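Participant: Have a peek at model03.cif (mmCIF, N, CA and C atoms and all ligand atoms).
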```cif
data_upload
#
loop_
_atom_site.label_atom_id
_atom_site.label_comp_id
_atom_site.auth_asym_id
_atom_site.auth_seq_id
_atom_site.Cartn_x
_atom_site.Cartn_y
_atom_site.Cartn_z
N MET G 1453 30.00 -41.63 -7.55
CA MET G 1453 29.95 -40.23 -7.99
C MET G 1453 28.57 -39.89 -8.55
N ARG G 1454 28.08 -40.79 -9.34
CA ARG G 1454 26.77 -40.57 -9.92
C ARG G 1454 25.69 -40.54 -8.82
N ASP G 1455 25.87 -41.44 -7.83
CA ASP G 1455 24.94 -41.49 -6.71
C ASP G 1455 24.92 -40.16 -5.95
N PHE G 1456 26.14 -39.63 -5.73
CA PHE G 1456 26.27 -38.37 -4.99
C PHE G 1456 25.53 -37.23 -5.70
N SER G 1457 25.76 -37.11 -7.01
CA SER G 1457 25.13 -35.99 -7.72
C SER G 1457 23.62 -36.17 -7.79
N SER G 1458 23.15 -37.43 -7.89
CA SER G 1458 21.70 -37.61 -7.93
C SER G 1458 21.09 -37.34 -6.57
N ARG G 1459 21.85 -37.66 -5.47
CA ARG G 1459 21.36 -37.36 -4.12
C ARG G 1459 21.31 -35.84 -3.92
N MET G 1460 22.35 -35.16 -4.40
CA MET G 1460 22.39 -33.71 -4.26
C MET G 1460 21.24 -33.07 -5.03
N THR G 1461 20.97 -33.62 -6.20
CA THR G 1461 19.88 -33.07 -6.99
C THR G 1461 18.56 -33.24 -6.26
N ARG G 1462 18.35 -34.42 -5.68
CA ARG G 1462 17.13 -34.68 -4.93
C ARG G 1462 17.05 -33.76 -3.71
N ARG G 1463 18.21 -33.61 -3.04
CA ARG G 1463 18.25 -32.75 -1.85
C ARG G 1463 17.95 -31.30 -2.24
N THR G 1464 18.55 -30.88 -3.34
CA THR G 1464 18.31 -29.52 -3.81
C THR G 1464 16.85 -29.33 -4.15
N PHE G 1465 16.27 -30.36 -4.81
CA PHE G 1465 14.86 -30.26 -5.18
C PHE G 1465 13.97 -30.18 -3.95
N VAL G 1466 14.24 -31.05 -2.98
CA VAL G 1466 13.44 -31.07 -1.75
C VAL G 1466 13.58 -29.74 -1.02
N GLY G 1467 14.81 -29.23 -0.97
CA GLY G 1467 15.03 -27.94 -0.32
C GLY G 1467 14.27 -26.83 -1.02
N SER G 1468 14.27 -26.85 -2.34
CA SER G 1468 13.55 -25.84 -3.10
C SER G 1468 12.06 -25.95 -2.87
N ALA G 1469 11.56 -27.18 -2.78
CA ALA G 1469 10.13 -27.38 -2.58
C ALA G 1469 9.68 -26.81 -1.23
N VAL G 1470 10.58 -26.75 -0.26
CA VAL G 1470 10.24 -26.22 1.05
C VAL G 1470 10.46 -24.71 1.09
N VAL G 1471 11.57 -24.26 0.55
CA VAL G 1471 11.96 -22.85 0.66
C VAL G 1471 11.14 -21.96 -0.26
N LEU G 1472 10.90 -22.39 -1.49
CA LEU G 1472 10.21 -21.51 -2.44
C LEU G 1472 8.80 -21.12 -2.00
N PRO G 1473 7.96 -22.06 -1.54
CA PRO G 1473 6.64 -21.62 -1.05
C PRO G 1473 6.75 -20.67 0.13
N ALA G 1474 7.73 -20.88 0.99
CA ALA G 1474 7.91 -19.99 2.14
C ALA G 1474 8.28 -18.59 1.66
N LEU G 1475 9.16 -18.51 0.67
CA LEU G 1475 9.53 -17.20 0.11
C LEU G 1475 8.33 -16.53 -0.55
N ALA G 1476 7.54 -17.32 -1.28
CA ALA G 1476 6.35 -16.77 -1.93
C ALA G 1476 5.40 -16.20 -0.88
N GLY G 1477 5.25 -16.91 0.24
CA GLY G 1477 4.39 -16.43 1.30
C GLY G 1477 4.89 -15.12 1.88
N LEU G 1478 6.20 -15.03 2.06
CA LEU G 1478 6.78 -13.79 2.57
C LEU G 1478 6.55 -12.64 1.61
N LEU G 1479 6.73 -12.90 0.32
CA LEU G 1479 6.52 -11.85 -0.68
C LEU G 1479 5.07 -11.39 -0.69
N LEU G 1480 4.12 -12.32 -0.59
CA LEU G 1480 2.71 -11.95 -0.56
C LEU G 1480 2.40 -11.11 0.68
N ALA G 1481 2.94 -11.51 1.82
CA ALA G 1481 2.72 -10.77 3.05
C ALA G 1481 3.29 -9.35 2.92
N GLU G 1482 4.46 -9.26 2.31
CA GLU G 1482 5.10 -7.96 2.11
C GLU G 1482 4.25 -7.09 1.21
N THR G 1483 3.71 -7.67 0.12
CA THR G 1483 2.88 -6.92 -0.80
C THR G 1483 1.61 -6.44 -0.10
N ALA G 1484 0.98 -7.32 0.68
CA ALA G 1484 -0.24 -6.94 1.40
C ALA G 1484 0.05 -5.80 2.36
N THR G 1485 1.18 -5.86 3.04
CA THR G 1485 1.56 -4.80 3.96
C THR G 1485 1.79 -3.49 3.21
N ALA G 1486 2.45 -3.59 2.06
CA ALA G 1486 2.73 -2.39 1.29
C ALA G 1486 1.45 -1.74 0.78
N GLN G 1487 0.42 -2.56 0.54
CA GLN G 1487 -0.82 -2.02 0.00
C GLN G 1487 -1.78 -1.58 1.09
N ALA G 1488 -1.54 -1.93 2.34
CA ALA G 1488 -2.45 -1.57 3.41
C ALA G 1488 -2.43 -0.06 3.60
N LYS G 1489 -3.62 0.51 3.78
CA LYS G 1489 -3.71 1.95 4.00
C LYS G 1489 -3.66 2.24 5.49
N GLY G 1490 -3.28 3.45 5.80
CA GLY G 1490 -3.27 3.88 7.18
C GLY G 1490 -4.63 4.43 7.57
N SER G 1491 -4.87 4.57 8.85
CA SER G 1491 -6.15 5.10 9.32
C SER G 1491 -6.14 6.63 9.28
N LYS G 1492 -7.33 7.20 9.31
CA LYS G 1492 -7.45 8.66 9.34
C LYS G 1492 -6.76 9.22 10.59
N ALA G 1493 -6.95 8.53 11.71
CA ALA G 1493 -6.34 9.01 12.96
C ALA G 1493 -4.82 8.99 12.86
N GLN G 1494 -4.30 7.95 12.25
CA GLN G 1494 -2.85 7.82 12.11
C GLN G 1494 -2.25 9.01 11.36
N PHE G 1495 -3.00 9.50 10.35
CA PHE G 1495 -2.50 10.62 9.55
C PHE G 1495 -3.14 11.95 9.95
N LYS G 1496 -3.83 11.93 11.11
CA LYS G 1496 -4.47 13.16 11.62
C LYS G 1496 -5.34 13.84 10.55
N TYR G 1497 -6.13 12.99 9.87
CA TYR G 1497 -7.02 13.49 8.83
C TYR G 1497 -8.07 14.43 9.42
N GLN G 1498 -8.38 15.48 8.70
CA GLN G 1498 -9.45 16.40 9.07
C GLN G 1498 -10.24 16.70 7.80
N SER G 1499 -11.52 17.03 7.94
CA SER G 1499 -12.37 17.22 6.77
C SER G 1499 -12.30 18.64 6.22
N THR G 1500 -11.44 19.46 6.79
CA THR G 1500 -11.28 20.84 6.32
C THR G 1500 -9.84 21.08 5.87
N PRO G 1501 -9.63 22.09 5.01
CA PRO G 1501 -8.27 22.37 4.51
C PRO G 1501 -7.32 22.83 5.64
N ASN G 1502 -6.06 22.78 5.36
CA ASN G 1502 -5.04 23.25 6.30
C ASN G 1502 -4.13 24.22 5.55
N ASN G 1503 -4.16 25.47 5.95
CA ASN G 1503 -3.36 26.50 5.28
C ASN G 1503 -3.55 26.49 3.77
N GLY G 1504 -4.79 26.30 3.35
CA GLY G 1504 -5.10 26.30 1.91
C GLY G 1504 -4.82 24.99 1.21
N HIS G 1505 -4.22 24.05 1.90
CA HIS G 1505 -3.95 22.74 1.30
C HIS G 1505 -5.13 21.82 1.54
N LYS G 1506 -5.55 21.11 0.50
CA LYS G 1506 -6.68 20.18 0.63
C LYS G 1506 -6.46 18.96 -0.26
N CYS G 1507 -7.22 17.93 0.05
CA CYS G 1507 -7.05 16.63 -0.62
C CYS G 1507 -7.13 16.74 -2.14
N SER G 1508 -8.02 17.59 -2.65
CA SER G 1508 -8.19 17.68 -4.10
C SER G 1508 -6.90 18.16 -4.78
N GLN G 1509 -5.99 18.73 -4.02
CA GLN G 1509 -4.71 19.20 -4.58
C GLN G 1509 -3.58 18.19 -4.33
N CYS G 1510 -3.93 17.09 -3.71
CA CYS G 1510 -2.90 16.13 -3.26
C CYS G 1510 -2.70 15.02 -4.29
N THR G 1511 -1.48 14.62 -4.44
CA THR G 1511 -1.14 13.57 -5.41
C THR G 1511 -1.76 12.22 -5.07
N PHE G 1512 -2.13 12.02 -3.80
CA PHE G 1512 -2.70 10.72 -3.38
C PHE G 1512 -4.22 10.66 -3.49
N PHE G 1513 -4.86 11.77 -3.82
CA PHE G 1513 -6.32 11.81 -3.85
C PHE G 1513 -6.87 11.14 -5.11
N VAL G 1514 -7.92 10.34 -4.91
CA VAL G 1514 -8.64 9.70 -6.01
C VAL G 1514 -10.03 10.30 -6.00
N PRO G 1515 -10.36 11.18 -6.97
CA PRO G 1515 -11.62 11.90 -6.93
C PRO G 1515 -12.84 10.99 -6.96
N GLY G 1516 -13.94 11.52 -6.41
CA GLY G 1516 -15.22 10.82 -6.47
C GLY G 1516 -15.90 11.11 -7.80
N SER G 1517 -17.24 10.98 -7.82
CA SER G 1517 -18.00 11.11 -9.08
C SER G 1517 -18.11 12.56 -9.57
N SER G 1518 -17.87 13.52 -8.68
CA SER G 1518 -17.89 14.93 -9.10
C SER G 1518 -16.81 15.68 -8.31
N ALA G 1519 -16.63 16.95 -8.64
CA ALA G 1519 -15.58 17.74 -7.98
C ALA G 1519 -15.82 17.91 -6.49
N THR G 1520 -17.12 17.87 -6.10
CA THR G 1520 -17.43 18.07 -4.68
C THR G 1520 -17.71 16.75 -3.93
N ALA G 1521 -17.83 15.65 -4.67
CA ALA G 1521 -18.10 14.35 -4.04
C ALA G 1521 -16.86 13.82 -3.34
N SER G 1522 -17.10 13.07 -2.27
CA SER G 1522 -15.97 12.43 -1.58
C SER G 1522 -15.34 11.39 -2.49
N GLY G 1523 -14.06 11.24 -2.32
CA GLY G 1523 -13.32 10.24 -3.08
C GLY G 1523 -12.59 9.32 -2.13
N THR G 1524 -11.48 8.82 -2.58
CA THR G 1524 -10.64 7.97 -1.74
C THR G 1524 -9.21 8.47 -1.80
N CYS G 1525 -8.38 7.84 -1.00
CA CYS G 1525 -6.97 8.22 -0.94
C CYS G 1525 -6.14 6.96 -1.12
N LYS G 1526 -5.00 7.09 -1.77
CA LYS G 1526 -4.14 5.94 -2.02
C LYS G 1526 -3.45 5.45 -0.76
N ILE G 1527 -3.39 6.28 0.28
CA ILE G 1527 -2.66 5.86 1.47
C ILE G 1527 -3.46 5.95 2.77
N VAL G 1528 -4.59 6.69 2.73
CA VAL G 1528 -5.43 6.80 3.93
C VAL G 1528 -6.76 6.08 3.67
N ASP G 1529 -7.18 5.28 4.60
CA ASP G 1529 -8.37 4.45 4.45
C ASP G 1529 -9.65 5.27 4.63
N GLY G 1530 -10.69 4.86 3.93
CA GLY G 1530 -12.01 5.45 4.12
C GLY G 1530 -12.36 6.50 3.08
N SER G 1531 -13.57 7.07 3.26
CA SER G 1531 -14.06 8.11 2.38
C SER G 1531 -13.30 9.41 2.67
N ILE G 1532 -12.86 10.08 1.61
CA ILE G 1532 -12.02 11.27 1.78
C ILE G 1532 -12.67 12.46 1.09
N SER G 1533 -12.86 13.54 1.83
CA SER G 1533 -13.45 14.76 1.28
C SER G 1533 -12.41 15.48 0.42
N PRO G 1534 -12.85 16.06 -0.72
CA PRO G 1534 -11.89 16.84 -1.53
C PRO G 1534 -11.37 18.06 -0.78
N THR G 1535 -12.12 18.49 0.27
CA THR G 1535 -11.67 19.65 1.06
C THR G 1535 -10.93 19.23 2.33
N GLY G 1536 -10.68 17.92 2.47
CA GLY G 1536 -9.98 17.43 3.66
C GLY G 1536 -8.47 17.65 3.57
N TRP G 1537 -7.80 17.17 4.57
CA TRP G 1537 -6.33 17.31 4.63
C TRP G 1537 -5.79 16.33 5.64
N CYS G 1538 -4.55 15.89 5.46
CA CYS G 1538 -3.90 15.09 6.49
C CYS G 1538 -2.39 15.35 6.45
N THR G 1539 -1.69 14.77 7.39
CA THR G 1539 -0.25 15.06 7.51
C THR G 1539 0.58 14.49 6.36
N ALA G 1540 -0.02 13.61 5.56
CA ALA G 1540 0.71 13.04 4.42
C ALA G 1540 0.51 13.85 3.15
N PHE G 1541 -0.14 15.01 3.29
CA PHE G 1541 -0.42 15.84 2.10
C PHE G 1541 0.84 16.03 1.25
N SER G 1542 0.66 15.84 -0.06
CA SER G 1542 1.75 16.04 -1.00
C SER G 1542 1.16 16.70 -2.25
N ALA G 1543 1.52 17.96 -2.49
CA ALA G 1543 0.94 18.70 -3.61
C ALA G 1543 1.23 18.01 -4.93
N LYS G 1544 0.22 18.00 -5.79
CA LYS G 1544 0.40 17.44 -7.14
C LYS G 1544 1.49 18.23 -7.86
N GLY G 1545 2.28 17.54 -8.61
CA GLY G 1545 3.40 18.16 -9.30
C GLY G 1545 3.06 18.95 -10.51
S1 LIG D 1 -2.71 11.86 1.62
FE1 LIG D 1 -3.91 13.05 3.08
S2 LIG D 1 -4.11 15.07 2.08
FE2 LIG D 1 -3.53 13.58 0.49
S3 LIG D 1 -5.50 12.86 -0.39
FE3 LIG D 1 -4.87 11.42 1.23
S4 LIG D 1 -5.99 12.17 3.02
FE4 LIG D 1 -5.95 13.85 1.57
#
```
What do you get writing this file as structure tokens?
Ligand code: SF4

Facilitator:
Amino acid sequence: MRDFSSRMTRRTFVGSAVVLPALAGLLLAETATAQAKGSKAQFKYQSTPNNGHKCSQCTFFVPGSSATASGTCKIVDGSISPTGWCTAFSAKG
């Protein structure tokens, strides 16, 4: 009986040593995917406003050094004009 439980413990430990790093790798891959930005083409980005909507009014916009300087976007890759627009536009609340 004692042998069985010690074997199970060893088996459980060995199984954990194999499974846990694999799970950690999957979680890291998932996080990297979640943080990856989309391309401008993917979101049909344009450097001009659309029906009065522009990046500077969008919740995803990260302003540059001044009101007119290009900034970045939390979901679209690359330099983003404050007067730009894309299909993911979401007005600040
Ligand atoms: S989601 Fe689109 S509209 Fe909003 S800041 Fe990013 S590029 Fe501009």

Participant: Taking (1.5, 13.0, 3.9) in the coordinates of the supplied file, I want to know which residues reach to within 10 Å of it, counting only C-alpha atoms; could you give the answer as JSON, numbers by chain?

Facilitator: {"G": [1495, 1496, 1497, 1510, 1511, 1512, 1527, 1528, 1537, 1538, 1539, 1540, 1541, 1542, 1543]}

Participant: If the limit is 12 Å from any atom of ligand LIG 1 (chain D), counting only C-alpha atoms and all ligand atoms, which residues qualify? Return them as number ranges by chain.

Facilitator: G: 1489-1516, 1522-1544

Participant: Please determine an axis-aligned box that encloses all atoms of region 1535-1538 of chain G listed in the file, with 5 Å added on each side, and express its centre and edge lengths in Å to one decimal as AutoDock Vina command-line options.

Facilitator:
```
--center_x -7.3 --center_y 17.4 --center_z 3.4 --size_x 19.7 --size_y 14.6 --size_z 16.2
```

Participant: What is the CA of Gly1545 (chain G) to CA of Ala1519 (chain G) distance in Å?

Facilitator: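 Taking CA of Gly1545 (chain G) as the start and CA of Ala1519 (chain G) as the end point, the length is 19.0 Å.
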